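Next comes entry_6.txt, with compact mmCIF, C-alpha atoms and all ligand atoms.
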# COMPACT_ATOMS: atom_id res chain seq x y z
CA MET Z 1 0.00 0.00 0.00
CA PRO Z 2 1.58 3.32 -1.04
CA ALA Z 3 1.83 6.14 1.52
CA ARG Z 4 2.86 8.98 -0.79
CA VAL Z 5 1.59 8.99 -4.36
CA ALA Z 6 2.91 11.61 -6.77
CA ALA Z 7 0.20 12.59 -9.27
CA LEU Z 8 1.71 13.93 -12.49
CA TYR Z 9 -0.86 15.19 -14.98
CA ASP Z 10 -0.81 16.88 -18.37
CA ILE Z 11 2.90 16.62 -19.15
CA HIS Z 12 2.13 17.77 -22.73
CA GLY Z 13 5.47 16.88 -24.24
CA ASN Z 14 7.58 19.08 -21.95
CA LEU Z 15 10.64 17.01 -21.07
CA ALA Z 16 12.45 19.58 -18.89
CA ALA Z 17 9.36 20.05 -16.72
CA LEU Z 18 8.91 16.29 -16.37
CA ASP Z 19 12.56 15.76 -15.42
CA ALA Z 20 12.43 18.53 -12.81
CA VAL Z 21 9.28 17.11 -11.26
CA LEU Z 22 10.66 13.56 -11.22
CA GLN Z 23 13.66 14.79 -9.24
CA GLU Z 24 11.39 16.60 -6.81
CA VAL Z 25 9.18 13.51 -6.50
CA GLU Z 26 12.20 11.49 -5.45
CA ARG Z 27 13.18 14.09 -2.85
CA ALA Z 28 9.60 14.07 -1.55
CA GLY Z 29 9.89 10.35 -0.86
CA ALA Z 30 6.96 9.30 -3.05
CA ASP Z 31 6.56 5.53 -3.19
CA ALA Z 32 4.20 5.42 -6.17
CA LEU Z 33 3.51 7.48 -9.27
CA VAL Z 34 0.33 8.09 -11.20
CA PHE Z 35 0.47 9.72 -14.61
CA GLY Z 36 -2.91 11.33 -15.21
CA GLY Z 37 -2.88 11.57 -18.99
CA ASP Z 38 -2.02 13.96 -21.83
CA LEU Z 39 1.58 12.84 -21.99
CA ALA Z 40 2.48 13.33 -25.61
CA PHE Z 41 0.51 16.24 -27.11
CA GLY Z 42 3.22 18.89 -27.25
CA PRO Z 43 6.70 19.63 -28.54
CA GLN Z 44 8.73 16.64 -27.22
CA PRO Z 45 6.39 13.64 -27.41
CA ARG Z 46 8.92 10.90 -28.14
CA GLN Z 47 11.34 11.98 -25.42
CA VAL Z 48 8.57 12.19 -22.82
CA LEU Z 49 7.28 8.74 -23.72
CA GLU Z 50 10.81 7.30 -23.57
CA ARG Z 51 11.22 8.78 -20.11
CA VAL Z 52 7.94 7.59 -18.61
CA MET Z 53 8.16 4.13 -20.19
CA SER Z 54 11.61 3.60 -18.65
CA LEU Z 55 10.53 4.39 -15.08
CA GLY Z 56 10.80 1.56 -12.59
CA GLY Z 57 8.74 0.95 -9.45
CA PRO Z 58 5.00 1.26 -8.98
CA VAL Z 59 3.76 3.50 -11.81
CA SER Z 60 0.14 3.73 -12.98
CA PHE Z 61 -1.21 5.46 -16.04
CA VAL Z 62 -4.59 7.04 -16.77
CA ARG Z 63 -5.32 7.87 -20.39
CA GLY Z 64 -6.07 11.48 -21.36
CA ASN Z 65 -8.16 12.71 -24.26
CA THR Z 66 -5.12 13.90 -26.20
CA ASP Z 67 -3.37 10.54 -25.69
CA ARG Z 68 -6.22 8.98 -27.70
CA GLU Z 69 -6.18 11.75 -30.26
CA VAL Z 70 -2.43 11.54 -30.83
CA ALA Z 71 -2.34 7.74 -30.93
CA GLU Z 72 -5.26 7.64 -33.39
CA ARG Z 73 -3.99 10.68 -35.34
CA HIS Z 74 -7.23 12.61 -35.01
CA GLY Z 75 -7.67 15.25 -37.70
CA VAL Z 76 -10.34 17.65 -38.81
CA GLU Z 77 -12.44 14.62 -39.92
CA GLN Z 78 -12.71 13.70 -36.21
CA GLY Z 79 -13.87 17.22 -35.45
CA VAL Z 80 -10.71 18.70 -33.94
CA ARG Z 81 -9.62 22.22 -34.77
CA GLY Z 82 -7.00 22.83 -37.46
CA TRP Z 83 -3.93 23.58 -35.33
CA ILE Z 84 -4.77 20.69 -32.98
CA ALA Z 85 -5.03 18.34 -35.96
CA GLU Z 86 -1.61 19.53 -37.07
CA VAL Z 87 -0.08 18.88 -33.64
CA ASN Z 88 -1.84 15.48 -33.39
CA ALA Z 89 -0.41 14.40 -36.75
CA TRP Z 90 3.10 15.60 -35.95
CA CYS Z 91 3.13 13.95 -32.51
CA HIS Z 92 1.71 10.71 -33.93
CA ASP Z 93 4.48 10.61 -36.54
CA GLN Z 94 7.16 11.29 -33.91
CA LEU Z 95 6.11 8.29 -31.80
CA THR Z 96 7.17 4.70 -32.35
CA PRO Z 97 4.44 2.07 -32.85
CA ASP Z 98 5.20 0.79 -29.32
CA GLN Z 99 4.72 4.26 -27.87
CA ARG Z 100 1.36 4.68 -29.66
CA GLU Z 101 0.25 1.28 -28.43
CA PHE Z 102 1.34 2.27 -24.92
CA LEU Z 103 -0.85 5.39 -25.01
CA LEU Z 104 -3.89 3.42 -26.14
CA SER Z 105 -3.35 0.65 -23.57
CA GLN Z 106 -3.80 2.99 -20.60
CA LYS Z 107 -6.84 2.80 -18.35
CA ALA Z 108 -9.69 5.32 -18.10
CA HIS Z 109 -9.29 5.40 -14.30
CA VAL Z 110 -7.13 3.96 -11.53
CA THR Z 111 -7.93 3.46 -7.83
CA LEU Z 112 -5.13 3.24 -5.26
CA HIS Z 113 -5.48 2.62 -1.56
CA VAL Z 114 -3.28 5.27 0.02
CA GLU Z 115 -2.16 4.83 3.61
CA GLY Z 116 -4.04 7.23 5.87
CA LEU Z 117 -6.36 8.47 3.10
CA GLY Z 118 -8.16 5.35 1.92
CA ASP Z 119 -9.23 4.70 -1.67
CA VAL Z 120 -8.33 7.48 -4.09
CA LEU Z 121 -9.74 7.60 -7.61
CA PHE Z 122 -7.50 9.01 -10.35
CA VAL Z 123 -9.16 10.21 -13.57
CA HIS Z 124 -8.13 12.61 -16.34
CA GLY Z 125 -11.15 14.87 -16.83
CA SER Z 126 -14.10 13.72 -14.74
CA PRO Z 127 -14.96 10.22 -13.48
CA ARG Z 128 -17.23 9.72 -16.50
CA SER Z 129 -15.24 11.35 -19.32
CA ASP Z 130 -11.66 12.22 -20.26
CA GLU Z 131 -12.95 15.40 -21.95
CA GLU Z 132 -15.20 16.72 -19.22
CA ALA Z 133 -13.66 19.52 -17.14
CA ILE Z 134 -13.92 19.99 -13.40
CA ARG Z 135 -12.71 23.50 -12.71
CA ARG Z 136 -12.02 25.32 -9.46
CA ASP Z 137 -15.29 27.23 -10.00
CA THR Z 138 -17.48 24.55 -11.62
CA PRO Z 139 -20.83 24.71 -9.78
CA GLU Z 140 -21.65 21.81 -7.48
CA ALA Z 141 -24.85 21.09 -9.43
CA GLU Z 142 -22.72 20.35 -12.51
CA ILE Z 143 -20.27 18.18 -10.59
CA LEU Z 144 -22.90 16.07 -8.80
CA PRO Z 145 -23.87 13.91 -11.81
CA MET Z 146 -20.18 13.45 -12.71
CA VAL Z 147 -19.37 11.90 -9.32
CA ALA Z 148 -22.69 10.30 -8.32
CA HIS Z 149 -21.49 6.75 -9.10
CA VAL Z 150 -18.08 7.16 -7.43
CA GLY Z 151 -17.45 5.18 -4.23
CA GLU Z 152 -14.10 6.75 -3.41
CA SER Z 153 -14.18 9.85 -1.20
CA ILE Z 154 -11.15 11.45 -2.88
CA ILE Z 155 -10.95 12.12 -6.63
CA VAL Z 156 -7.79 13.35 -8.35
CA CYS Z 157 -8.25 14.90 -11.79
CA GLY Z 158 -6.48 17.18 -14.25
CA HIS Z 159 -7.23 18.26 -17.84
CA THR Z 160 -7.91 21.95 -17.06
CA HIS Z 161 -4.26 22.77 -16.17
CA ILE Z 162 -5.20 24.73 -13.04
CA GLN Z 163 -4.64 23.25 -9.58
CA PHE Z 164 -7.23 23.20 -6.84
CA ASP Z 165 -8.29 21.21 -3.80
CA ARG Z 166 -11.96 21.57 -2.93
CA MET Z 167 -14.75 19.80 -1.09
CA VAL Z 168 -17.65 19.51 -3.48
CA ALA Z 169 -20.59 17.14 -4.00
CA GLY Z 170 -19.53 15.23 -0.88
CA LYS Z 171 -16.08 14.47 -2.30
CA ARG Z 172 -12.63 15.92 -1.92
CA VAL Z 173 -11.75 16.80 -5.50
CA VAL Z 174 -8.11 17.59 -6.23
CA ASN Z 175 -6.89 18.90 -9.56
CA ALA Z 176 -3.18 18.15 -9.84
CA GLY Z 177 -2.62 20.91 -12.39
CA SER Z 178 -0.30 20.54 -15.37
CA VAL Z 179 3.38 19.60 -15.30
CA GLY Z 180 4.14 20.81 -18.80
CA LEU Z 181 1.60 23.52 -19.66
CA PRO Z 182 0.31 25.04 -16.43
CA SER Z 183 -2.08 27.96 -16.30
CA ALA Z 184 -2.29 30.42 -13.42
CA ALA Z 185 1.03 29.13 -12.03
CA ARG Z 186 4.69 29.74 -12.81
CA GLY Z 187 6.23 26.28 -12.48
CA ALA Z 188 5.42 22.63 -13.18
CA CYS Z 189 2.36 21.68 -11.13
CA TRP Z 190 1.65 18.29 -9.55
CA ALA Z 191 0.20 16.85 -6.34
CA LEU Z 192 1.49 14.68 -3.54
CA ILE Z 193 -1.31 12.42 -2.30
CA GLY Z 194 -0.62 11.07 1.20
CA PRO Z 195 -0.35 11.27 4.13
CA GLU Z 196 -1.83 14.75 3.56
CA ILE Z 197 -2.72 16.22 0.18
CA GLU Z 198 -0.23 18.80 -1.07
CA LEU Z 199 -0.44 20.86 -4.24
CA ARG Z 200 3.13 21.27 -5.44
CA GLU Z 201 4.83 23.56 -7.94
CA THR Z 202 8.34 22.86 -9.18
CA LEU Z 203 10.48 25.61 -10.72
CA TYR Z 204 12.99 24.73 -13.43
CA ASP Z 205 15.08 26.48 -16.06
CA PHE Z 206 12.26 27.91 -18.19
CA GLU Z 207 14.57 29.76 -20.61
CA ARG Z 208 16.52 26.64 -21.41
CA ALA Z 209 13.37 24.53 -21.75
CA ALA Z 210 11.81 27.10 -24.09
CA ALA Z 211 14.98 27.20 -26.22
CA GLU Z 212 14.95 23.39 -26.59
CA ILE Z 213 11.25 23.47 -27.48
CA ARG Z 214 11.82 26.10 -30.17
CA LYS Z 215 14.28 23.69 -31.79
CA SER Z 216 11.86 20.75 -31.66
CA GLY Z 217 10.35 21.30 -35.08
CA ALA Z 218 6.86 20.84 -33.64
CA PRO Z 219 3.97 22.83 -35.07
CA LYS Z 220 3.28 25.74 -32.72
CA ALA Z 221 6.69 25.22 -31.07
CA GLY Z 222 6.98 28.98 -30.61
CA GLU Z 223 3.61 29.15 -28.87
CA PHE Z 224 4.45 26.21 -26.58
CA ALA Z 225 7.73 27.93 -25.66
CA ASP Z 226 5.97 31.27 -25.04
CA ASP Z 227 3.43 29.57 -22.75
CA ILE Z 228 6.28 28.15 -20.67
CA LEU Z 229 7.92 31.56 -20.35
CA ASN Z 230 4.62 33.35 -19.68
CA PRO Z 231 1.97 30.86 -18.55
CA PRO Z 232 -1.60 31.82 -19.43
CA VAL Z 233 -3.83 32.99 -16.64
CA ALA Z 234 -6.87 30.99 -17.78
CA GLY Z 235 -6.73 27.29 -18.63
CA PRO Z 236 -7.75 25.59 -21.89
MN MN Z 301 -6.76 16.74 -21.34

Written form, structure tokens:
Amino acid sequence: MPARVAALYDIHGNLAALDAVLQEVERAGADALVFGGDLAFGPQPRQVLERVMSLGGPVSFVRGNTDREVAERHGVEQGVRGWIAEVNAWCHDQLTPDQREFLLSQKAHVTLHVEGLGDVLFVHGSPRSDEEAIRRDTPEAEILPMVAHVGESIIVCGHTHIQFDRMVAGKRVVNAGSVGLPSAARGACWALIGPEIELRETLYDFERAAAEIRKSGAPKAGEFADDILNPPVAGP
């Protein structure tokens, strides 16, 4: 049974942010890791997948909406916007067949029994959808039907790239924030689950990360780099 679970969500192809958080996770004494989805969509998809697939120890993965979209190369025919289709196609082509298979093999949700906290449910968006957002200001009436079937008293989610920890609809709902593309925060955001719940933010060399990203050849590389240097205030 893990006592300290590091929840790493929405890496979005940012290798420097992931590396910085993994170092911090080790210092924090985490004994399990959960990746909460949206690993590859971004400027360094192959490198991020190589890194997470080589991790040892107890590691769980929850699939995000963009993991599906990248692995299945969703384009405008699947109803995604033009620039997203372009990034999906580029990321898909950067990945090896094994890495694509890995993205698709992930689970929609994971439950871990965390010492001192009990059963914790990890999802990407909401417990019923990897595209549904739970925001820090989403009204309780909207959240109720999303969590009505959930037995766990703690739910960890992501997808909206803004951290929060709130009691709502009879549950403690924690948004881990985004490691690679945070909004309303300066550094790489994640959460340490157990024995308490801590929202964490890890600073790293943003200038160097942005310079590497500009060289990635990814569509929108300049925009990804700019977002790292000056994170947006509002999430996606
Ligand atoms: Mn997402």

Every residue with an atom at most 6 Å from (-2.7, 16.5, -9.1) (file coordinates; all atoms listed in the file) is what I'm after, so could you write them as a PDB file with C-alpha atoms, in the coordinates of the input?
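In the end it all went to part20.pdb:
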ATOM      1  CA  ALA Z   7       0.200  12.590  -9.270  1.00  0.00           C
ATOM      2  CA  ASN Z 175      -6.890  18.900  -9.560  1.00  0.00           C
ATOM      3  CA  ALA Z 176      -3.180  18.150  -9.840  1.00  0.00           C
ATOM      4  CA  GLY Z 177      -2.620  20.910 -12.390  1.00  0.00           C
ATOM      5  CA  TRP Z 190       1.650  18.290  -9.550  1.00  0.00           C
ATOM      6  CA  ALA Z 191       0.200  16.850  -6.340  1.00  0.00           C
TER       7      ALA Z 191
END

Please provide the set of residues having any atom within 10 Å of stretch 19-31 of chain Z, restricted to only C-alpha atoms, with same-chain residues fewer than 4 positions apart removed, written as a ChimeraX atom specification. /Z:1-8,14-15,48,51-52,55,57-59,179-180,187-194,200-205

Would you output that residue set with C-alpha atoms, as an mmCIF file, in the coordinates of the input?
data_model
loop_
_atom_site.group_PDB
_atom_site.id
_atom_site.type_symbol
_atom_site.label_atom_id
_atom_site.label_comp_id
_atom_site.auth_asym_id
_atom_site.auth_seq_id
_atom_site.Cartn_x
_atom_site.Cartn_y
_atom_site.Cartn_z
ATOM 1 C CA MET Z 1 0.000 0.000 0.000
ATOM 2 C CA PRO Z 2 1.580 3.320 -1.040
ATOM 3 C CA ALA Z 3 1.830 6.140 1.520
ATOM 4 C CA ARG Z 4 2.860 8.980 -0.790
ATOM 5 C CA VAL Z 5 1.590 8.990 -4.360
ATOM 6 C CA ALA Z 6 2.910 11.610 -6.770
ATOM 7 C CA ALA Z 7 0.200 12.590 -9.270
ATOM 8 C CA LEU Z 8 1.710 13.930 -12.490
ATOM 9 C CA ASN Z 14 7.580 19.080 -21.950
ATOM 10 C CA LEU Z 15 10.640 17.010 -21.070
ATOM 11 C CA VAL Z 48 8.570 12.190 -22.820
ATOM 12 C CA ARG Z 51 11.220 8.780 -20.110
ATOM 13 C CA VAL Z 52 7.940 7.590 -18.610
ATOM 14 C CA LEU Z 55 10.530 4.390 -15.080
ATOM 15 C CA GLY Z 57 8.740 0.950 -9.450
ATOM 16 C CA PRO Z 58 5.000 1.260 -8.980
ATOM 17 C CA VAL Z 59 3.760 3.500 -11.810
ATOM 18 C CA VAL Z 179 3.380 19.600 -15.300
ATOM 19 C CA GLY Z 180 4.140 20.810 -18.800
ATOM 20 C CA GLY Z 187 6.230 26.280 -12.480
ATOM 21 C CA ALA Z 188 5.420 22.630 -13.180
ATOM 22 C CA CYS Z 189 2.360 21.680 -11.130
ATOM 23 C CA TRP Z 190 1.650 18.290 -9.550
ATOM 24 C CA ALA Z 191 0.200 16.850 -6.340
ATOM 25 C CA LEU Z 192 1.490 14.680 -3.540
ATOM 26 C CA ILE Z 193 -1.310 12.420 -2.300
ATOM 27 C CA GLY Z 194 -0.620 11.070 1.200
ATOM 28 C CA ARG Z 200 3.130 21.270 -5.440
ATOM 29 C CA GLU Z 201 4.830 23.560 -7.940
ATOM 30 C CA THR Z 202 8.340 22.860 -9.180
ATOM 31 C CA LEU Z 203 10.480 25.610 -10.720
ATOM 32 C CA TYR Z 204 12.990 24.730 -13.430
ATOM 33 C CA ASP Z 205 15.080 26.480 -16.060
#

Which residues are near ligand MN 301 (chain Z) - at most 8 Å, using all atoms listed in the file? Format: as a PyMOL selection string. chain Z and resi 10+37-38+64-66+124-125+130-131+158-160

Quick one: everything within 12 Å of Z:Gln94, counting all atoms listed in the file, minus sequence neighbours fewer than 5 positions away in the same chain. Send it as a PyMOL selection string. chain Z and resi 13+40-50+70-71+73+87-89+99-100+216-218

Scan for residues within 10 Å of the point (-6.1, 7.3, 0.7) in the coordinates of the file, using only C-alpha atoms, and reply as a list in words. Met1, Pro2, Ala3, Arg4, Val5, Thr111, Leu112, His113, Val114, Glu115, Gly116, Leu117, Gly118, Asp119, Val120, Leu121, Glu152, Ser153, Ile154, Ile193, Gly194, Pro195, Glu196 and Ile197 of chain Z

Could you dump the residues just selected with C-alpha atoms as a short mmCIF file (atom, residue, chain, number, x, y, z; two decimals), keeping the file's coordinate frame?
data_model
loop_
_atom_site.label_atom_id
_atom_site.label_comp_id
_atom_site.auth_asym_id
_atom_site.auth_seq_id
_atom_site.Cartn_x
_atom_site.Cartn_y
_atom_site.Cartn_z
CA MET Z 1 0.00 0.00 0.00
CA PRO Z 2 1.58 3.32 -1.04
CA ALA Z 3 1.83 6.14 1.52
CA ARG Z 4 2.86 8.98 -0.79
CA VAL Z 5 1.59 8.99 -4.36
CA THR Z 111 -7.93 3.46 -7.83
CA LEU Z 112 -5.13 3.24 -5.26
CA HIS Z 113 -5.48 2.62 -1.56
CA VAL Z 114 -3.28 5.27 0.02
CA GLU Z 115 -2.16 4.83 3.61
CA GLY Z 116 -4.04 7.23 5.87
CA LEU Z 117 -6.36 8.47 3.10
CA GLY Z 118 -8.16 5.35 1.92
CA ASP Z 119 -9.23 4.70 -1.67
CA VAL Z 120 -8.33 7.48 -4.09
CA LEU Z 121 -9.74 7.60 -7.61
CA GLU Z 152 -14.10 6.75 -3.41
CA SER Z 153 -14.18 9.85 -1.20
CA ILE Z 154 -11.15 11.45 -2.88
CA ILE Z 193 -1.31 12.42 -2.30
CA GLY Z 194 -0.62 11.07 1.20
CA PRO Z 195 -0.35 11.27 4.13
CA GLU Z 196 -1.83 14.75 3.56
CA ILE Z 197 -2.72 16.22 0.18
#

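One finds atom CA of Z:Val34 at 19.3 Å from atom CA of Z:Gly151.
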
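Restricting the calculation to only C-alpha atoms, the smallest distance between Z:Pro182 and any of Z:Phe61, Z:Trp90, Z:Phe224, Z:Phe122 is found for Z:Phe224.
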
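Proximity to Z:Val233 was assessed for Z:Phe206, Z:Ala184, Z:Ser129, Z:Ala148 counting all atoms listed in the file; the smallest distance is recorded for Z:Ala184.
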
So how many Å separate atom CA of Z:Arg128 and atom CA of Z:Ser60, to one decimal? 18.7 Å

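The space separating atom CA of Z:Leu104 from atom CA of Z:Val147 comes to 24.4 Å.
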